[in-house]
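Participant: Provided herewith: final_17.txt, compact mmCIF, C-alpha atoms.
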```txt
# COMPACT_ATOMS: atom_id res chain seq x y z
CA MET Y 20 -95.73 -55.83 80.59
CA LYS Y 21 -98.90 -53.80 79.83
CA ARG Y 22 -97.42 -50.79 81.63
CA PHE Y 23 -94.23 -51.17 79.63
CA ILE Y 24 -96.21 -51.35 76.37
CA PHE Y 25 -98.29 -48.29 77.33
CA LEU Y 26 -95.07 -46.44 78.27
CA CYS Y 27 -93.44 -47.27 74.90
CA VAL Y 28 -96.56 -46.20 73.02
CA GLY Y 29 -96.65 -42.94 75.00
CA ILE Y 30 -92.99 -42.25 74.24
CA ILE Y 31 -93.52 -42.94 70.52
CA ILE Y 32 -96.54 -40.61 70.43
CA ALA Y 33 -94.61 -37.89 72.28
CA LEU Y 34 -91.63 -38.25 69.97
CA GLY Y 35 -93.90 -38.15 66.92
CA SER Y 36 -95.61 -34.97 68.04
CA ASN Y 37 -92.25 -33.36 68.89
CA ALA Y 38 -90.88 -34.39 65.50
CA GLN Y 39 -93.83 -32.74 63.79
CA GLU Y 40 -93.23 -29.53 65.74
CA ILE Y 41 -89.52 -29.63 64.86
CA GLN Y 42 -90.37 -30.13 61.18
CA LYS Y 43 -92.78 -27.18 61.28
CA ILE Y 44 -90.15 -24.95 62.89
CA ALA Y 45 -87.45 -26.11 60.45
CA LYS Y 46 -89.76 -25.53 57.48
CA ALA Y 47 -90.61 -22.04 58.71
CA LYS Y 48 -86.91 -21.25 59.15
CA GLU Y 49 -86.12 -22.69 55.74
CA GLU Y 50 -88.83 -20.61 54.07
CA SER Y 51 -87.64 -17.53 55.92
CA GLY Y 52 -84.03 -18.22 54.96
CA ALA Y 53 -85.00 -18.90 51.36
CA GLY Y 54 -86.68 -15.50 51.26
CA ILE Y 55 -83.53 -13.84 52.57
CA VAL Y 56 -81.35 -15.69 50.07
CA LYS Y 57 -83.71 -14.88 47.20
CA ASP Y 58 -83.76 -11.22 48.20
CA THR Y 59 -79.95 -11.19 48.38
CA LEU Y 60 -79.42 -12.95 45.04
CA LYS Y 61 -81.60 -10.50 43.14
CA HIS Y 62 -78.94 -7.82 43.73
CA TRP Y 63 -76.25 -9.89 41.98
CA TYR Y 64 -75.33 -9.86 38.30
CA TYR Y 65 -72.71 -12.27 37.05
CA ILE Y 66 -71.36 -13.50 33.74
CA GLY Y 67 -68.40 -15.69 32.90
CA ASN Y 68 -67.06 -18.89 31.46
CA ALA Y 69 -64.70 -21.78 32.14
CA ASN Y 70 -62.80 -23.51 29.34
CA LEU Y 71 -60.61 -26.57 29.02
CA ASN Y 72 -58.76 -27.02 25.72
CA TYR Y 73 -56.81 -30.18 24.90
CA SER Y 74 -54.45 -31.11 22.08
CA GLN Y 75 -52.52 -34.26 21.20
CA ALA Y 76 -50.27 -35.58 18.43
CA THR Y 77 -48.92 -39.15 18.21
CA PHE Y 78 -46.48 -40.58 15.65
CA SER Y 79 -45.44 -44.17 15.03
CA ASN Y 80 -43.07 -45.09 12.19
CA TRP Y 81 -43.96 -41.81 10.52
CA ALA Y 82 -41.67 -41.41 7.47
CA SER Y 83 -41.78 -37.61 7.30
CA GLY Y 84 -40.94 -37.26 11.00
CA GLY Y 85 -42.74 -35.79 13.96
CA GLN Y 86 -42.72 -35.54 17.74
CA ASN Y 87 -45.35 -36.80 20.15
CA SER Y 88 -47.06 -34.04 22.07
CA MET Y 89 -49.92 -33.45 24.48
CA GLY Y 90 -51.15 -30.15 25.82
CA ALA Y 91 -53.96 -28.63 27.86
CA VAL Y 92 -55.04 -25.09 28.70
CA ALA Y 93 -57.62 -24.19 31.37
CA MET Y 94 -59.13 -20.70 31.63
CA VAL Y 95 -61.71 -19.16 33.96
CA ASN Y 96 -63.10 -15.64 33.54
CA ILE Y 97 -65.93 -14.52 35.81
CA LYS Y 98 -67.40 -11.11 36.57
CA ALA Y 99 -69.75 -10.74 39.56
CA ASN Y 100 -71.37 -7.43 40.53
CA TYR Y 101 -73.56 -6.63 43.52
CA THR Y 102 -75.79 -3.54 43.54
CA ASN Y 103 -78.12 -2.36 46.27
CA GLY Y 104 -79.38 1.20 46.19
CA LYS Y 105 -76.40 3.51 45.72
CA HIS Y 106 -73.90 0.86 46.74
CA ALA Y 107 -72.10 -1.44 44.30
CA TRP Y 108 -69.43 -4.08 44.66
CA GLY Y 109 -67.71 -5.43 41.55
CA ASN Y 110 -65.41 -8.46 41.30
CA THR Y 111 -63.49 -9.98 38.40
CA VAL Y 112 -61.61 -13.30 38.43
CA ASP Y 113 -59.32 -14.08 35.49
CA LEU Y 114 -57.32 -17.32 35.76
CA GLY Y 115 -55.39 -19.38 33.25
CA TYR Y 116 -52.93 -22.25 33.24
CA GLY Y 117 -51.60 -24.44 30.43
CA PHE Y 118 -48.79 -26.82 29.59
CA GLN Y 119 -47.44 -28.92 26.75
CA MET Y 120 -45.52 -32.20 26.94
CA LEU Y 121 -43.19 -33.12 24.08
CA GLY Y 122 -41.37 -36.35 23.31
CA LYS Y 123 -41.54 -39.97 24.42
CA MET Y 124 -42.08 -41.05 28.03
CA ASN Y 125 -38.38 -41.66 28.69
CA ASP Y 126 -37.46 -38.25 27.26
CA LEU Y 127 -40.53 -36.20 28.11
CA LYS Y 128 -40.17 -32.42 28.30
CA THR Y 129 -42.87 -30.23 29.79
CA THR Y 130 -43.20 -26.55 28.96
CA LYS Y 131 -45.66 -24.02 30.35
CA THR Y 132 -47.88 -22.33 27.76
CA ASN Y 133 -50.08 -20.16 29.98
CA ASP Y 134 -49.97 -18.94 33.58
CA LYS Y 135 -52.16 -16.15 34.88
CA ILE Y 136 -53.81 -14.96 38.08
CA GLU Y 137 -55.67 -11.65 38.06
CA LEU Y 138 -58.19 -10.60 40.72
CA THR Y 139 -60.01 -7.27 40.86
CA THR Y 140 -62.42 -5.99 43.47
CA ALA Y 141 -64.00 -2.55 43.77
CA TYR Y 142 -66.50 -0.84 46.07
CA SER Y 143 -68.47 1.99 44.43
CA TYR Y 144 -70.97 4.60 45.61
CA GLN Y 145 -73.37 6.17 43.14
CA ILE Y 146 -72.94 9.93 42.70
CA ASP Y 147 -75.41 10.74 39.90
CA LYS Y 148 -79.12 10.22 39.22
CA ASN Y 149 -78.57 8.15 36.07
CA LYS Y 150 -76.70 5.44 38.01
CA GLN Y 151 -73.67 5.63 35.71
CA TRP Y 152 -71.07 7.54 37.74
CA PHE Y 153 -69.59 6.17 40.96
CA PHE Y 154 -66.99 7.08 43.56
CA THR Y 155 -64.80 3.96 43.71
CA VAL Y 156 -62.15 2.27 45.82
CA LEU Y 157 -60.43 -0.39 43.69
CA ALA Y 158 -57.76 -3.06 44.22
CA ASN Y 159 -56.17 -5.30 41.59
CA LEU Y 160 -53.74 -8.20 42.08
CA ARG Y 161 -51.81 -9.84 39.23
CA THR Y 162 -49.33 -12.72 39.44
CA GLN Y 163 -48.86 -16.36 38.31
CA PHE Y 164 -49.26 -19.89 39.68
CA SER Y 165 -45.83 -21.49 39.23
CA ALA Y 166 -42.22 -20.99 38.18
CA GLY Y 167 -41.41 -19.85 34.65
CA TYR Y 168 -38.31 -20.67 32.61
CA ASN Y 169 -36.58 -19.21 29.58
CA TYR Y 170 -37.17 -22.25 27.36
CA PRO Y 171 -35.37 -24.29 26.09
CA ASP Y 172 -33.43 -23.60 29.30
CA ASP Y 173 -35.64 -25.34 31.88
CA SER Y 174 -33.25 -25.10 34.83
CA THR Y 175 -33.06 -21.34 35.46
CA VAL Y 176 -36.15 -19.76 37.08
CA ILE Y 177 -36.97 -16.36 35.58
CA SER Y 178 -40.37 -15.84 37.31
CA ASN Y 179 -42.46 -17.43 40.04
CA PHE Y 180 -45.56 -17.05 42.19
CA MET Y 181 -45.55 -13.42 43.45
CA ALA Y 182 -42.32 -12.87 41.53
CA PRO Y 183 -43.48 -10.65 40.12
CA GLY Y 184 -46.72 -9.79 41.87
CA TYR Y 185 -48.45 -6.48 41.18
CA LEU Y 186 -50.95 -4.99 43.63
CA ILE Y 187 -52.64 -1.72 42.70
CA GLY Y 188 -54.96 0.14 45.04
CA GLY Y 189 -56.52 3.55 44.70
CA ILE Y 190 -59.50 5.88 44.87
CA GLY Y 191 -61.11 7.18 41.72
CA ILE Y 192 -64.20 7.57 39.56
CA THR Y 193 -66.03 4.82 37.66
CA TYR Y 194 -68.25 5.30 34.64
CA GLN Y 195 -70.57 2.33 34.02
CA PRO Y 196 -72.90 2.79 31.02
CA ALA Y 197 -74.04 -0.87 31.24
CA LYS Y 198 -73.76 -3.83 33.61
CA TRP Y 199 -71.24 -5.52 31.34
CA CYS Y 200 -68.87 -2.57 30.94
CA TYR Y 201 -67.08 -0.01 33.12
CA VAL Y 202 -64.25 2.53 32.94
CA TYR Y 203 -62.24 3.43 36.04
CA ILE Y 204 -59.86 6.39 36.40
CA SER Y 205 -57.73 7.18 39.45
CA PRO Y 206 -55.48 10.27 39.58
CA ALA Y 207 -53.22 8.68 42.21
CA SER Y 208 -53.03 4.94 42.85
CA ALA Y 209 -50.35 3.09 44.76
CA ARG Y 210 -48.69 0.18 42.98
CA PHE Y 211 -46.75 -2.42 44.96
CA LEU Y 212 -44.33 -4.55 42.97
CA MET Y 213 -43.42 -7.74 44.86
CA VAL Y 214 -40.61 -10.14 43.99
CA LEU Y 215 -40.74 -12.76 46.76
CA ASP Y 216 -38.31 -15.19 45.12
CA LYS Y 217 -34.92 -14.52 46.78
CA LYS Y 218 -32.75 -15.24 43.73
CA LEU Y 219 -34.85 -13.00 41.53
CA SER Y 220 -34.97 -10.18 44.09
CA ASP Y 221 -31.21 -10.43 44.66
CA SER Y 222 -30.67 -9.96 40.92
CA GLY Y 223 -33.01 -6.94 40.79
CA SER Y 224 -35.52 -8.59 38.45
CA PHE Y 225 -38.66 -6.75 37.29
CA GLY Y 226 -37.43 -3.37 38.50
CA VAL Y 227 -36.89 -3.90 42.24
CA ASP Y 228 -33.64 -2.72 43.80
CA LYS Y 229 -31.16 -5.59 44.19
CA GLY Y 230 -31.83 -7.46 47.43
CA LYS Y 231 -35.24 -5.80 47.90
CA ARG Y 232 -38.54 -7.65 47.59
CA LEU Y 233 -40.88 -4.66 47.39
CA LYS Y 234 -41.06 -1.52 45.29
CA THR Y 235 -43.77 1.08 45.83
CA THR Y 236 -44.78 3.70 43.30
CA VAL Y 237 -47.65 6.20 42.95
CA GLY Y 238 -49.25 7.36 39.73
CA PRO Y 239 -52.42 7.68 37.62
CA TYR Y 240 -54.22 4.45 36.81
CA PHE Y 241 -56.81 3.66 34.13
CA ARG Y 242 -58.78 0.44 33.74
CA SER Y 243 -61.61 -0.62 31.45
CA ASP Y 244 -63.44 -3.97 31.53
CA ILE Y 245 -65.89 -5.55 29.09
CA ASN Y 246 -67.62 -8.92 29.51
CA LYS Y 247 -70.55 -9.40 27.16
CA GLU Y 248 -72.30 -11.91 24.93
CA LEU Y 249 -72.00 -10.04 21.61
CA VAL Y 250 -74.44 -12.26 19.76
CA LYS Y 251 -75.79 -15.70 20.55
CA ASN Y 252 -72.91 -18.10 21.30
CA ILE Y 253 -70.15 -15.46 20.92
CA THR Y 254 -68.77 -13.96 24.15
CA LEU Y 255 -66.13 -11.27 24.56
CA ALA Y 256 -64.13 -10.58 27.72
CA SER Y 257 -61.47 -7.89 27.59
CA SER Y 258 -59.67 -5.58 30.00
CA ILE Y 259 -56.99 -2.92 29.59
CA GLU Y 260 -54.85 -1.28 32.28
CA LEU Y 261 -52.66 1.80 31.90
CA TYR Y 262 -50.32 3.09 34.61
CA SER Y 263 -47.54 5.66 34.90
CA ASP Y 264 -45.24 6.48 37.83
CA TYR Y 265 -45.26 10.13 38.96
CA LEU Y 266 -41.71 10.01 40.37
CA ASN Y 267 -39.83 7.87 37.81
CA ASP Y 268 -40.12 8.48 34.05
CA PHE Y 269 -43.59 10.00 34.28
CA GLY Y 270 -45.33 9.66 30.92
CA ASN Y 271 -43.86 6.20 30.32
CA ILE Y 272 -47.03 4.11 30.33
CA ASP Y 273 -47.18 0.48 31.49
CA VAL Y 274 -49.79 -1.47 29.53
CA ASN Y 275 -51.66 -4.70 30.31
CA TRP Y 276 -54.30 -5.65 27.74
CA SER Y 277 -56.13 -9.01 27.90
CA PHE Y 278 -58.54 -10.28 25.27
CA LEU Y 279 -60.66 -13.45 25.26
CA MET Y 280 -63.29 -14.41 22.69
CA ILE Y 281 -65.29 -17.63 22.88
CA PHE Y 282 -67.28 -19.17 20.02
CA LYS Y 283 -69.72 -21.79 21.30
CA VAL Y 284 -70.47 -24.77 19.08
CA ASN Y 285 -73.04 -26.20 21.50
CA LYS Y 286 -73.69 -26.20 25.23
CA TRP Y 287 -70.41 -27.91 26.12
CA LEU Y 288 -68.08 -27.36 23.15
CA ALA Y 289 -66.42 -24.10 22.10
CA ALA Y 290 -63.45 -22.58 20.33
CA SER Y 291 -61.54 -19.74 22.00
CA ILE Y 292 -58.85 -17.22 21.20
CA SER Y 293 -56.95 -15.50 23.99
CA THR Y 294 -54.29 -12.79 23.75
CA GLN Y 295 -52.36 -10.66 26.20
CA LEU Y 296 -50.18 -7.64 25.46
CA LEU Y 297 -47.81 -6.30 28.10
CA TYR Y 298 -45.37 -3.42 28.29
CA ASP Y 299 -43.49 -2.53 31.46
CA ASN Y 300 -40.61 -0.06 31.33
CA ASP Y 301 -38.97 -1.74 34.33
CA VAL Y 302 -38.90 -5.27 32.87
CA MET Y 303 -35.67 -5.87 30.97
CA ILE Y 304 -35.78 -8.50 28.23
CA LYS Y 305 -33.02 -9.92 26.02
CA THR Y 306 -34.08 -11.16 22.60
CA SER Y 307 -30.74 -12.91 22.07
CA SER Y 308 -27.47 -13.55 23.89
CA THR Y 309 -25.79 -10.68 22.01
CA ASP Y 310 -28.55 -8.06 22.46
CA GLU Y 311 -28.62 -5.64 25.35
CA ALA Y 312 -31.51 -6.13 27.77
CA GLY Y 313 -34.23 -3.51 27.63
CA PRO Y 314 -37.99 -2.93 27.95
CA ARG Y 315 -39.93 -4.57 25.12
CA THR Y 316 -43.52 -5.22 24.10
CA GLN Y 317 -44.61 -8.68 25.25
CA PHE Y 318 -47.33 -10.61 23.44
CA LYS Y 319 -49.01 -13.98 24.01
CA GLU Y 320 -51.68 -15.73 21.93
CA LEU Y 321 -53.58 -18.96 22.57
CA LEU Y 322 -56.03 -20.63 20.20
CA GLY Y 323 -57.92 -23.79 21.08
CA ILE Y 324 -61.09 -25.83 21.03
CA GLY Y 325 -62.48 -27.84 23.90
CA LEU Y 326 -65.00 -28.01 26.73
CA THR Y 327 -66.72 -24.88 27.98
CA TYR Y 328 -69.27 -23.84 30.59
CA ASN Y 329 -70.97 -20.45 30.78
CA PHE Y 330 -72.16 -18.58 33.87
CA LYS Y 331 -74.80 -15.91 33.46
CA LYS Y 332 -77.37 -14.19 35.66
CA ARG Y 333 -78.95 -10.85 34.91
```
Could you express the structure from this file as structure tokens?
Facilitator:
Amino acid sequence: MKRFIFLCVGIIIALGSNAQEIQKIAKAKEESGAGIVKDTLKHWYYIGNANLNYSQATFSNWASGGQNSMGAVAMVNIKANYTNGKHAWGNTVDLGYGFQMLGKMNDLKTTKTNDKIELTTAYSYQIDKNKQWFFTVLANLRTQFSAGYNYPDDSTVISNFMAPGYLIGGIGITYQPAKWCYVYISPASARFLMVLDKKLSDSGSFGVDKGKRLKTTVGPYFRSDINKELVKNITLASSIELYSDYLNDFGNIDVNWSFLMIFKVNKWLAASISTQLLYDNDVMIKTSSTDEAGPRTQFKELLGIGLTYNFKKR
């Protein structure tokens, strides 16, 4: 029994000493890793915000009439840049989705009020001493989350995820006078128009040839991005894209201009206004059943108040 007790005590002592050694090694690794992480994070600059706006209206025995409704819009806009020496890597995420439900539960109709996916990434190499001009390789993807309908017709799909989807990639020059702003110009960028919904591609929607799901064009591309806190509690995020096809109707400029301004009330509450202006010469739109389809200026505006959260690191 004494031998057994001595053996157990010896094992406990051995395990304790080994545990201390393991803790020392783990702590050293953790401190070393923390140093690496800290050194890596200092090269990053990011700014952005996430918003959730909600609206509701309820009527019961209301003499002047009205319709029950409930709606929500979620938006995320984040810009993250990495710089290390002459190398820079910039990323922008712009997402939005919203819906509105009208009517009573047994006759509820849901309509989409916002649907946006836009991702941009760019690698740049500094080419001047002032750290403002860069040689850049850029890619931009733009599409939507779910099917869209020509309301009040909610049975015929007129758009969908990657229908259309726009992917632009090219080599150009970036001018960046500040961390929160840049201008990119490419003399020749490839644009891939994707319509992966079979019915839409078979009908030749968004400018693809009937039955085709991909259309490739080449042309000059311009992009400018701003994401800045203008004054305390007021943030502006805006981007504009201009593109023209060298081979088809050169000089006809496709435009995509997004604008988002957020007015913070306190840490968690804010009002926001969001707009988007689009013009694409290949997208045919009918304003009425009697009008002939043709390219038209598209505009969307959203105004709301709700929860917000800001991201910022300089």
Participant: Name all residues at most 8 Å from segment 191-208 of chain Y (count all atoms listed in the file; drop same-chain ones fewer than 6 positions away) and give them as an mmCIF file with C-alpha atoms, keeping the file's coordinate frame.
Facilitator:
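What follows is the written file out30.cif:
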```cif
data_model
loop_
_atom_site.group_PDB
_atom_site.id
_atom_site.type_symbol
_atom_site.label_atom_id
_atom_site.label_comp_id
_atom_site.auth_asym_id
_atom_site.auth_seq_id
_atom_site.Cartn_x
_atom_site.Cartn_y
_atom_site.Cartn_z
ATOM 1 C CA TYR Y 64 -75.330 -9.860 38.300
ATOM 2 C CA SER Y 143 -68.470 1.990 44.430
ATOM 3 C CA LYS Y 150 -76.700 5.440 38.010
ATOM 4 C CA GLN Y 151 -73.670 5.630 35.710
ATOM 5 C CA TRP Y 152 -71.070 7.540 37.740
ATOM 6 C CA PHE Y 153 -69.590 6.170 40.960
ATOM 7 C CA PHE Y 154 -66.990 7.080 43.560
ATOM 8 C CA THR Y 155 -64.800 3.960 43.710
ATOM 9 C CA VAL Y 156 -62.150 2.270 45.820
ATOM 10 C CA LEU Y 157 -60.430 -0.390 43.690
ATOM 11 C CA VAL Y 237 -47.650 6.200 42.950
ATOM 12 C CA GLY Y 238 -49.250 7.360 39.730
ATOM 13 C CA PRO Y 239 -52.420 7.680 37.620
ATOM 14 C CA TYR Y 240 -54.220 4.450 36.810
ATOM 15 C CA PHE Y 241 -56.810 3.660 34.130
ATOM 16 C CA ARG Y 242 -58.780 0.440 33.740
ATOM 17 C CA SER Y 243 -61.610 -0.620 31.450
ATOM 18 C CA ASP Y 244 -63.440 -3.970 31.530
ATOM 19 C CA ILE Y 245 -65.890 -5.550 29.090
ATOM 20 C CA ASN Y 246 -67.620 -8.920 29.510
ATOM 21 C CA LYS Y 247 -70.550 -9.400 27.160
#
```
Participant: Quick one: of Y:Ser257, Y:Ala182, Y:Val214, Y:Leu321, who's nearest to Gly117 of chain Y, counting all atoms listed in the file?
Facilitator: Y:Leu321
Participant: Measure the distance from atom CA of Glu260 of chain Y to atom CA of Arg210 of chain Y in Å and round it to one decimal.
Facilitator: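 Atom-to-atom, atom CA of Glu260 of chain Y to atom CA of Arg210 of chain Y, that is 12.4 Å.
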Participant: Give the answer as one residue: which of Y:Gln163, Y:Asn169, Y:Gln317, Y:Thr111 has the shortest atom-to-atom distance to Ala256 of chain Y, using only C-alpha atoms?
Facilitator: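 Among the listed residues, Y:Thr111 lies closest to Ala256 of chain Y.
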Participant: Just to confirm, what's the straight-line distance from atom CA of Gly184 of chain Y to atom CA of Met120 of chain Y in Å (one decimal)?
Facilitator: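 Value for the atom CA of Gly184 of chain Y-atom CA of Met120 of chain Y distance: 27.0 Å.
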Participant: Select, from Y:Thr236, Y:Gly67, Y:Asp216, Y:Met89, the residue with the minimum atom-to-atom distance to Lys131 of chain Y, counting all atoms listed in the file.
Facilitator: Y:Met89
Participant: Within 12 Å of segment 324-328 of chain Y, which residues of segment 93-145 of chain Y show up? Give each one with its shortest atom-to-atom distance in Å (one decimal) and the two atoms involved, counting only C-alpha atoms, rows by chain then rising residue number, as a Markdown table.
Facilitator:
```
| residue | atom | partner | partner_atom | distance |
| --- | --- | --- | --- | --- |
| Y:Ala93 | CA | Y:Leu326 | CA | 9.5 |
| Y:Met94 | CA | Y:Thr327 | CA | 9.4 |
| Y:Val95 | CA | Y:Tyr328 | CA | 9.5 |
| Y:Asn96 | CA | Y:Tyr328 | CA | 10.7 |
| Y:Ile97 | CA | Y:Tyr328 | CA | 11.2 |
```
Participant: For atom CA of Ala289 of chain Y and atom CA of Gly323 of chain Y, quote the distance in Å rounded to one decimal.
Facilitator: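 If I compute the distance from atom CA of Ala289 of chain Y to atom CA of Gly323 of chain Y, I get 8.6 Å.
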Participant: Using all atoms listed in the file, give me every residue within 12 Å of (-71.8, -23.6, 19.4) in file coordinates, as an NGL selection string.
Facilitator: :Y and (250-254 or 281-291 or 324-329)
Participant: Could you check the closest approach to Pro314 of chain Y for each of Y:Thr162, Y:Ser277, Y:Asn179, Y:Asn271 and tell me which residue wins, using only C-alpha atoms?
Facilitator: Y:Asn271
Participant: Check the smallest atom-to-atom distance from each of Y:Asp268, Y:Asp301, Y:Asp172, Y:Asp273 to Asp228 of chain Y using only C-alpha atoms, then report the winner.
Facilitator: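 Checking each of Y:Asp268, Y:Asp301, Y:Asp172, Y:Asp273 against Asp228 of chain Y, counting only C-alpha atoms, the winner is Y:Asp301.
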Participant: Hey, which of Y:Asn267, Y:Thr294, Y:Ser220, Y:Gln75 ends up closest to Met280 of chain Y? Count only C-alpha atoms.
Facilitator: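 Closest residue, counting only C-alpha atoms: Y:Thr294.
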Participant: List as a PDB file with C-alpha atoms, keeping the file's coordinate frame the residues having at least one atom at most 10 Å from position (-53.3, -2.9, 41.1) as given in the file, counting all atoms listed in the file.
Facilitator:
```
ATOM      1  CA  GLU Y 137     -55.670 -11.650  38.060  1.00  0.00           C
ATOM      2  CA  LEU Y 138     -58.190 -10.600  40.720  1.00  0.00           C
ATOM      3  CA  THR Y 139     -60.010  -7.270  40.860  1.00  0.00           C
ATOM      4  CA  THR Y 140     -62.420  -5.990  43.470  1.00  0.00           C
ATOM      5  CA  LEU Y 157     -60.430  -0.390  43.690  1.00  0.00           C
ATOM      6  CA  ALA Y 158     -57.760  -3.060  44.220  1.00  0.00           C
ATOM      7  CA  ASN Y 159     -56.170  -5.300  41.590  1.00  0.00           C
ATOM      8  CA  LEU Y 160     -53.740  -8.200  42.080  1.00  0.00           C
ATOM      9  CA  ARG Y 161     -51.810  -9.840  39.230  1.00  0.00           C
ATOM     10  CA  GLY Y 184     -46.720  -9.790  41.870  1.00  0.00           C
ATOM     11  CA  TYR Y 185     -48.450  -6.480  41.180  1.00  0.00           C
ATOM     12  CA  LEU Y 186     -50.950  -4.990  43.630  1.00  0.00           C
ATOM     13  CA  ILE Y 187     -52.640  -1.720  42.700  1.00  0.00           C
ATOM     14  CA  GLY Y 188     -54.960   0.140  45.040  1.00  0.00           C
ATOM     15  CA  GLY Y 189     -56.520   3.550  44.700  1.00  0.00           C
ATOM     16  CA  SER Y 208     -53.030   4.940  42.850  1.00  0.00           C
ATOM     17  CA  ALA Y 209     -50.350   3.090  44.760  1.00  0.00           C
ATOM     18  CA  ARG Y 210     -48.690   0.180  42.980  1.00  0.00           C
ATOM     19  CA  PHE Y 211     -46.750  -2.420  44.960  1.00  0.00           C
ATOM     20  CA  LEU Y 212     -44.330  -4.550  42.970  1.00  0.00           C
ATOM     21  CA  TYR Y 240     -54.220   4.450  36.810  1.00  0.00           C
ATOM     22  CA  ARG Y 242     -58.780   0.440  33.740  1.00  0.00           C
ATOM     23  CA  GLU Y 260     -54.850  -1.280  32.280  1.00  0.00           C
ATOM     24  CA  TYR Y 262     -50.320   3.090  34.610  1.00  0.00           C
TER      25      TYR Y 262
END
```
